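**Q** One structure, pasted below without further comment.
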Amino acid sequence: MNRLADATSPYLLQHADNPVDWRPWGEEAFAEARRRDVPVLLSVGYAACHWCHVMAHESFEDPATAERMNAGFVNVKVDREERPDVDTVYMEATQAMTGQGGWPMTAFLTPDGAPFYCGTYFPREHFNRLLDGVSRAWREERDGVLDQGRRVVDALAAPRTLGEGALPGADEAAAAVEGLARDFDARRGGFGGAPKFPPSMLFTFLLAHHRRTGDERALLMARTTAEAMARGGIHDQIGGGFARYSVDASWTVPHFEKMLYDNALLLRAYLRLWRETGDPLARRTALGTADWMVAGLLTPEGGFASALDADSEGEEGRYYVWTPAELERVLGPEDGAWAAGLFGVTPEGTFEHGTSVLRLPEDPDDPERFERVRTALLAERARRVPPARDDKVVAAWNGLAVAALAEAGALLDRPDLVERARTAARLLVEVHMDGGRIARTSRDGAAGPSAGVLEDYADAAEGFLALFAVTGEPEWTGAAGRLLDTVLDRFTDASGAFYDTADDAEALINRPQDPTDNAVPSGRFAAAGALLTYSGLTGSERHRRAAESALGPVVPLADKAPRFAGWGLAVTETLLSGPLEVAVVGPQGGEDTRGLHREALMAAPFGTAVAPGAGDAPDDPARAAVPLLAGRPLIEGGPAAYVCRGFTCDLPVRDAQALRERLAP
């Protein structure tokens, strides 16, 4: 066992018995590099990463390769999900040097942490030649290596123009739609070519833009892509949930790992599509995704695990793919042939070795038969060796899950999903949070060693605020407020700029500050949304101004790279729609109150601050904690809804239909 044996990260533990003398990230590793006068070899990956497994099997488990690594380097292994700050800094260097990025990431650093050569996956022969070449350069061309490292650090530390002080508006939103339309694949859905990633944040923006403006192109892009994904191989047609991305342009063959963050974001996106259109496929997909999250990722402590691996039994996708013969064996000749035609399972196969990924190009003509077949296939699949699960709980991703499950439970009449959201939120408060600070990860009910980054604070706050909107329990606004106050105190500077790490976090070669969305909303844009909702509930101008400041990068990105600003554009739509605040007051448990509350959740624009409460009852805890509820009395003893902008409210309405009309664009 090497020095990773005591790690809390499942990814690091996967490498604990490698012959490589791995060390965790920390000053001790760099001190050892200085003592030995050798470079640091930094390897960054994550537990569900297929190519990380490939490089581990080829190189890190190979004694001869490990001997080269141990002789010439101090070797450091980092879980990018546990230390996103380290990953961000060195991925930026990798992309600058090579023009691309990915995992595993392989970086060679000076003992001071400066990167001088970077790459991603290397086959073993190439990797061994690289090890020899870097060692030789370190010995014989030291000045050039150090100069390269200094130049990279200087470039990364250069001042950046992030649109500070600019406030995006309708022009930027319209320009973003134009840019997305140019990249849109009208035949197959999605944006650009292969590989295709779920455009989760763009869904939210496009639907919000259509709602405000009536732009049919925005709805078409969202709806076409959502349907193509839901019917494609990226969607688990029998078990629910989505894989990380599609390797092709038609959403047929996925990269099979399943991530919590993708599914939480897509659950919320499909819910919103159903709200806006009534599309039954969107509703069915949302519900299946929610059920898979609970069945596949719920931990004993009530949080949600990070991911399921792409591989099982040493093969990518083995758990998920089928042949016609397997279908016939499980279902019998008649149902097997029917299922093969329905799911697109062919003798040639759509994946490797004659196997096929299940798709559902059209709804079945016999729903009862489909459910019988689906249940039988799911039971058969459960007998296979399942993919490994990365069971660490990441604060940010659990915040996304809390928001999605709370809304799904409220809108789909599934109180069990609201309870799952509540339990996960409680884990974040009781295990991850200490006052206004939050730990990045936990495992087995114990907080991990890594400090939370901006996305952890913002997404956890977003989850708490969504849970309050559903339950009316004021403890969640209090938890959100503590986190957002820390965001303002520790993650911003006097100019209004936002950083991904706190001002008292471990100092790296530069302080990461990436405003762009990637697989999840950027920390900055996520903070904008949570700050804006919180200001709507509390009337805090400080939080409102900070939210607007956080949106500055939307201005340059909307025109040049809208695919990387989806969440910021969605929050911009919230601003352009009001932003609205809705206070729903009434006797708790009453049918009329529930109807008004559900209509507020169903019909309000994205980002609306919704506050349920008991009205002007002096003992209502929500009234004391949420200023939006103050001065919002019952009407003739019955429930009422107040639609407000900046705490200035229209006359209250008393029935769901009237509220729907009031909230219409």
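Letters A, B, ... go to the chains of the structure tokens in the order shown; residues in each chain start at 1; ligands are counted from 1 in the same order.
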Would you kindly return, as a short mmCIF file (atom, residue, chain, number, x, y, z; two decimals) with C-alpha atoms, in the first residue's frame, each protein, DNA or RNA residue with an atom no farther than 7 Å from any atom of stretch 623-627 of chain A, considering only C-alpha atoms and excluding same-chain residues fewer than 5 positions away?

**A**
data_model
loop_
_atom_site.label_atom_id
_atom_site.label_comp_id
_atom_site.auth_asym_id
_atom_site.auth_seq_id
_atom_site.Cartn_x
_atom_site.Cartn_y
_atom_site.Cartn_z
CA PRO A 474 -37.57 28.67 7.26
CA LEU A 537 -37.10 36.63 -0.20
CA THR A 538 -35.32 39.07 2.09
CA GLY A 613 -46.40 30.88 4.83
#

**Q** Write out as a PyMOL selection string the set of residues from stretch 446-550 of chain A that DSSP, computed on the backbone, places in helix (DSSP H, G or I).

**A** chain A and resi 454-471+475-490+523-538+541-550

**Q** Near A:Phe73, counting only C-alpha atoms, which residues have an atom at most 12 Å away, once you skip same-chain residues fewer than 3 positions from it, shown as a ChimeraX atom specification?

**A** /A:20-23,29-30,32-43,65-70,76,107-111,131-132,134-136,138

**Q** For the residues selected in the previous step, produce a file with N, CA, C and O atoms as a short mmCIF file (atom, residue, chain, number, x, y, z; two decimals), in the first residue's frame.

**A**
data_model
loop_
_atom_site.label_atom_id
_atom_site.label_comp_id
_atom_site.auth_asym_id
_atom_site.auth_seq_id
_atom_site.Cartn_x
_atom_site.Cartn_y
_atom_site.Cartn_z
N VAL A 20 3.20 2.36 -7.85
CA VAL A 20 3.64 3.76 -7.84
C VAL A 20 3.57 4.29 -6.41
O VAL A 20 2.59 4.06 -5.69
N ASP A 21 4.60 5.02 -6.01
CA ASP A 21 4.64 5.62 -4.67
C ASP A 21 3.84 6.92 -4.68
O ASP A 21 4.40 8.02 -4.60
N TRP A 22 2.52 6.78 -4.83
CA TRP A 22 1.66 7.97 -4.88
C TRP A 22 1.63 8.69 -3.54
O TRP A 22 1.65 8.07 -2.49
N ARG A 23 1.50 10.01 -3.63
CA ARG A 23 1.25 10.84 -2.46
C ARG A 23 0.00 11.68 -2.73
O ARG A 23 -0.28 12.02 -3.88
N ALA A 29 4.47 16.71 -0.30
CA ALA A 29 4.93 16.17 -1.58
C ALA A 29 5.90 17.13 -2.25
O ALA A 29 6.94 16.70 -2.80
N PHE A 30 5.60 18.43 -2.23
CA PHE A 30 6.49 19.39 -2.88
C PHE A 30 7.79 19.55 -2.10
O PHE A 30 8.86 19.75 -2.70
N GLU A 32 9.25 17.13 -0.54
CA GLU A 32 10.04 15.96 -0.91
C GLU A 32 10.67 16.14 -2.29
O GLU A 32 11.81 15.72 -2.53
N ALA A 33 9.95 16.77 -3.21
CA ALA A 33 10.51 17.03 -4.54
C ALA A 33 11.71 17.97 -4.44
O ALA A 33 12.71 17.79 -5.15
N ARG A 34 11.59 18.98 -3.59
CA ARG A 34 12.74 19.88 -3.42
C ARG A 34 13.91 19.14 -2.78
O ARG A 34 15.08 19.34 -3.17
N ARG A 35 13.65 18.28 -1.81
CA ARG A 35 14.72 17.55 -1.14
C ARG A 35 15.44 16.63 -2.12
O ARG A 35 16.68 16.56 -2.13
N ARG A 36 14.67 15.95 -2.98
CA ARG A 36 15.26 15.01 -3.94
C ARG A 36 15.73 15.71 -5.21
O ARG A 36 16.41 15.09 -6.03
N ASP A 37 15.31 16.95 -5.41
CA ASP A 37 15.64 17.70 -6.62
C ASP A 37 15.12 16.98 -7.86
O ASP A 37 15.85 16.73 -8.83
N VAL A 38 13.82 16.66 -7.83
CA VAL A 38 13.14 16.02 -8.96
C VAL A 38 11.83 16.74 -9.22
O VAL A 38 11.30 17.43 -8.35
N PRO A 39 11.25 16.58 -10.41
CA PRO A 39 9.94 17.18 -10.68
C PRO A 39 8.82 16.42 -9.96
O PRO A 39 9.00 15.28 -9.50
N VAL A 40 7.68 17.06 -9.93
CA VAL A 40 6.45 16.43 -9.45
C VAL A 40 5.67 15.94 -10.67
O VAL A 40 5.49 16.68 -11.64
N LEU A 41 5.21 14.69 -10.63
CA LEU A 41 4.31 14.18 -11.65
C LEU A 41 2.90 14.20 -11.04
O LEU A 41 2.61 13.45 -10.10
N LEU A 42 2.07 15.07 -11.56
CA LEU A 42 0.70 15.23 -11.07
C LEU A 42 -0.26 14.48 -12.00
O LEU A 42 -0.29 14.72 -13.21
N SER A 43 -1.04 13.56 -11.44
CA SER A 43 -2.05 12.82 -12.19
C SER A 43 -3.41 13.11 -11.58
O SER A 43 -3.63 12.86 -10.40
N THR A 65 6.94 0.51 -15.29
CA THR A 65 6.58 1.92 -15.41
C THR A 65 6.62 2.59 -14.05
O THR A 65 7.11 3.72 -13.90
N ALA A 66 6.09 1.90 -13.04
CA ALA A 66 6.11 2.47 -11.68
C ALA A 66 7.53 2.72 -11.21
O ALA A 66 7.81 3.74 -10.54
N GLU A 67 8.44 1.84 -11.57
CA GLU A 67 9.84 2.04 -11.16
C GLU A 67 10.40 3.31 -11.76
O GLU A 67 11.11 4.07 -11.10
N ARG A 68 10.10 3.58 -13.04
CA ARG A 68 10.53 4.82 -13.68
C ARG A 68 9.93 6.03 -12.96
O ARG A 68 10.61 7.03 -12.71
N MET A 69 8.65 5.95 -12.66
CA MET A 69 7.98 7.07 -12.00
C MET A 69 8.59 7.33 -10.62
O MET A 69 8.85 8.48 -10.25
N ASN A 70 8.81 6.27 -9.87
CA ASN A 70 9.33 6.44 -8.51
C ASN A 70 10.77 6.94 -8.50
O ASN A 70 11.17 7.72 -7.62
N VAL A 76 2.05 12.52 -7.47
CA VAL A 76 0.92 13.05 -6.72
C VAL A 76 -0.36 12.70 -7.46
O VAL A 76 -0.49 12.97 -8.66
N ALA A 107 0.42 16.12 -15.61
CA ALA A 107 1.18 17.37 -15.63
C ALA A 107 2.50 17.18 -14.89
O ALA A 107 2.54 16.55 -13.82
N PHE A 108 3.56 17.72 -15.46
CA PHE A 108 4.88 17.71 -14.82
C PHE A 108 5.15 19.10 -14.28
O PHE A 108 5.06 20.10 -15.01
N LEU A 109 5.48 19.16 -12.99
CA LEU A 109 5.61 20.43 -12.29
C LEU A 109 7.00 20.56 -11.69
O LEU A 109 7.64 19.57 -11.31
N THR A 110 7.45 21.81 -11.56
CA THR A 110 8.64 22.06 -10.76
C THR A 110 8.29 21.85 -9.29
O THR A 110 7.11 21.82 -8.92
N PRO A 111 9.28 21.74 -8.41
CA PRO A 111 8.98 21.60 -6.98
C PRO A 111 8.26 22.81 -6.39
O PRO A 111 7.77 22.72 -5.25
N LEU A 131 8.39 9.87 -19.74
CA LEU A 131 9.07 9.89 -18.44
C LEU A 131 10.58 10.04 -18.62
O LEU A 131 11.23 10.85 -17.93
N ASP A 132 11.12 9.27 -19.55
CA ASP A 132 12.57 9.36 -19.79
C ASP A 132 12.95 10.73 -20.33
O ASP A 132 13.97 11.32 -19.91
N VAL A 134 11.38 13.67 -19.98
CA VAL A 134 11.25 14.73 -18.97
C VAL A 134 12.39 14.64 -17.96
O VAL A 134 12.96 15.66 -17.55
N SER A 135 12.72 13.42 -17.53
CA SER A 135 13.84 13.25 -16.58
C SER A 135 15.14 13.77 -17.19
O SER A 135 15.94 14.46 -16.51
N ARG A 136 15.36 13.47 -18.46
CA ARG A 136 16.58 13.93 -19.12
C ARG A 136 16.59 15.46 -19.24
O ARG A 136 17.62 16.11 -18.98
N TRP A 138 15.09 17.55 -17.28
CA TRP A 138 15.28 18.11 -15.94
C TRP A 138 16.76 18.09 -15.55
O TRP A 138 17.26 19.04 -14.94
#

**Q** Which residues of stretch 49-150 of chain A come within 12 Å of stretch 395-410 of chain A, and for each one, what is the closest pair of atoms and their distance in Å to one decimal, counting only C-alpha atoms, sorted by chain and residue number, as CSV?

**A**
residue,atom,partner,partner_atom,distance
A:Glu81,CA,A:Trp397,CA,10.3
A:Glu82,CA,A:Ala395,CA,10.2
A:Pro84,CA,A:Ala396,CA,11.3

**Q** In terms of the shortest atom-to-atom distance over only C-alpha atoms, which of A:Leu467, A:Pro63, A:Ala546, A:Tyr499 is closest to A:Val610?

**A**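 Answer, going by the shortest atom-to-atom distance: A:Leu467.
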
**Q** From a backbone DSSP assignment, name each residue in stretch 383-559 of chain A labelled strand (DSSP E or B), as a CSV table (one decimal) with N, CA, C and O atoms, in the first residue's frame.

**A**
chain,number,residue,atom,x,y,z
A,389,ARG,N,-19.5,2.2,-7.7
A,389,ARG,CA,-20.1,3.5,-7.3
A,389,ARG,C,-19.1,4.3,-6.5
A,389,ARG,O,-18.5,3.9,-5.6
A,390,ASP,N,-19.0,5.6,-6.9
A,390,ASP,CA,-18.2,6.5,-6.2
A,390,ASP,C,-19.1,7.1,-5.1
A,390,ASP,O,-20.0,8.0,-5.5
A,393,VAL,N,-20.0,12.1,-1.1
A,393,VAL,CA,-21.0,13.1,-1.3
A,393,VAL,C,-20.4,14.5,-1.5
A,393,VAL,O,-19.6,15.0,-0.7
A,394,VAL,N,-20.7,15.1,-2.7
A,394,VAL,CA,-20.1,16.4,-3.0
A,394,VAL,C,-21.2,17.4,-2.8
A,394,VAL,O,-22.3,17.3,-3.2
A,433,MET,N,-21.6,21.6,6.9
A,433,MET,CA,-21.5,23.0,7.2
A,433,MET,C,-21.0,23.2,8.7
A,433,MET,O,-21.3,22.4,9.6
A,434,ASP,N,-20.2,24.2,8.8
A,434,ASP,CA,-19.8,24.7,10.1
A,434,ASP,C,-19.9,26.2,10.2
A,434,ASP,O,-19.1,26.9,9.6
A,437,ARG,N,-19.4,28.2,6.7
A,437,ARG,CA,-18.4,27.5,5.9
A,437,ARG,C,-18.9,26.1,5.5
A,437,ARG,O,-19.7,25.5,6.3
A,438,ILE,N,-18.5,25.6,4.4
A,438,ILE,CA,-19.0,24.3,3.9
A,438,ILE,C,-17.8,23.5,3.4
A,438,ILE,O,-16.9,24.0,2.7
A,439,ALA,N,-17.8,22.2,3.8
A,439,ALA,CA,-16.8,21.2,3.3
A,439,ALA,C,-17.2,20.7,1.9
A,439,ALA,O,-18.4,20.5,1.6
A,441,THR,N,-16.7,17.7,0.4
A,441,THR,CA,-17.1,16.4,0.4
A,441,THR,C,-17.4,15.8,1.7
A,441,THR,O,-16.9,16.3,2.8
A,442,SER,N,-18.1,14.7,1.7
A,442,SER,CA,-18.2,13.8,2.9
A,442,SER,C,-18.3,12.4,2.4
A,442,SER,O,-18.6,12.1,1.3
A,443,ARG,N,-18.0,11.5,3.3
A,443,ARG,CA,-18.1,10.0,3.0
A,443,ARG,C,-18.4,9.3,4.3
A,443,ARG,O,-17.8,9.6,5.3
A,446,ALA,N,-18.9,11.5,7.4
A,446,ALA,CA,-17.9,12.3,8.0
A,446,ALA,C,-17.4,13.3,6.9
A,446,ALA,O,-17.2,12.9,5.8
A,447,ALA,N,-17.2,14.6,7.3
A,447,ALA,CA,-16.7,15.6,6.3
A,447,ALA,C,-15.3,15.2,5.9
A,447,ALA,O,-14.5,14.8,6.6
A,451,ALA,N,-11.8,22.1,1.5
A,451,ALA,CA,-12.7,23.2,1.7
A,451,ALA,C,-13.6,23.4,0.5
A,451,ALA,O,-13.2,23.1,-0.7
A,492,THR,N,-15.4,37.3,-3.1
A,492,THR,CA,-15.4,38.5,-4.0
A,492,THR,C,-14.4,39.5,-3.5
A,492,THR,O,-13.8,39.4,-2.4
A,498,PHE,N,-15.7,37.8,-8.8
A,498,PHE,CA,-15.9,36.6,-8.0
A,498,PHE,C,-14.7,35.6,-8.3
A,498,PHE,O,-14.2,35.5,-9.4

**Q** For the interface of stretch 573-606 of chain A with stretch 646-654 of chain A (cut-off 8 Å, counting only C-alpha atoms), please tabulate each contacting residue of stretch 573-606 of chain A alongside its nearest pair of atoms and their separation in Å to one decimal, rows sorted by chain and increasing number, as CSV.

**A**
residue,atom,partner,partner_atom,distance
A:Pro579,CA,A:Gly646,CA,7.7
A:Leu580,CA,A:Gly646,CA,7.7
A:Glu581,CA,A:Phe647,CA,7.4
A:Leu596,CA,A:Arg654,CA,7.7
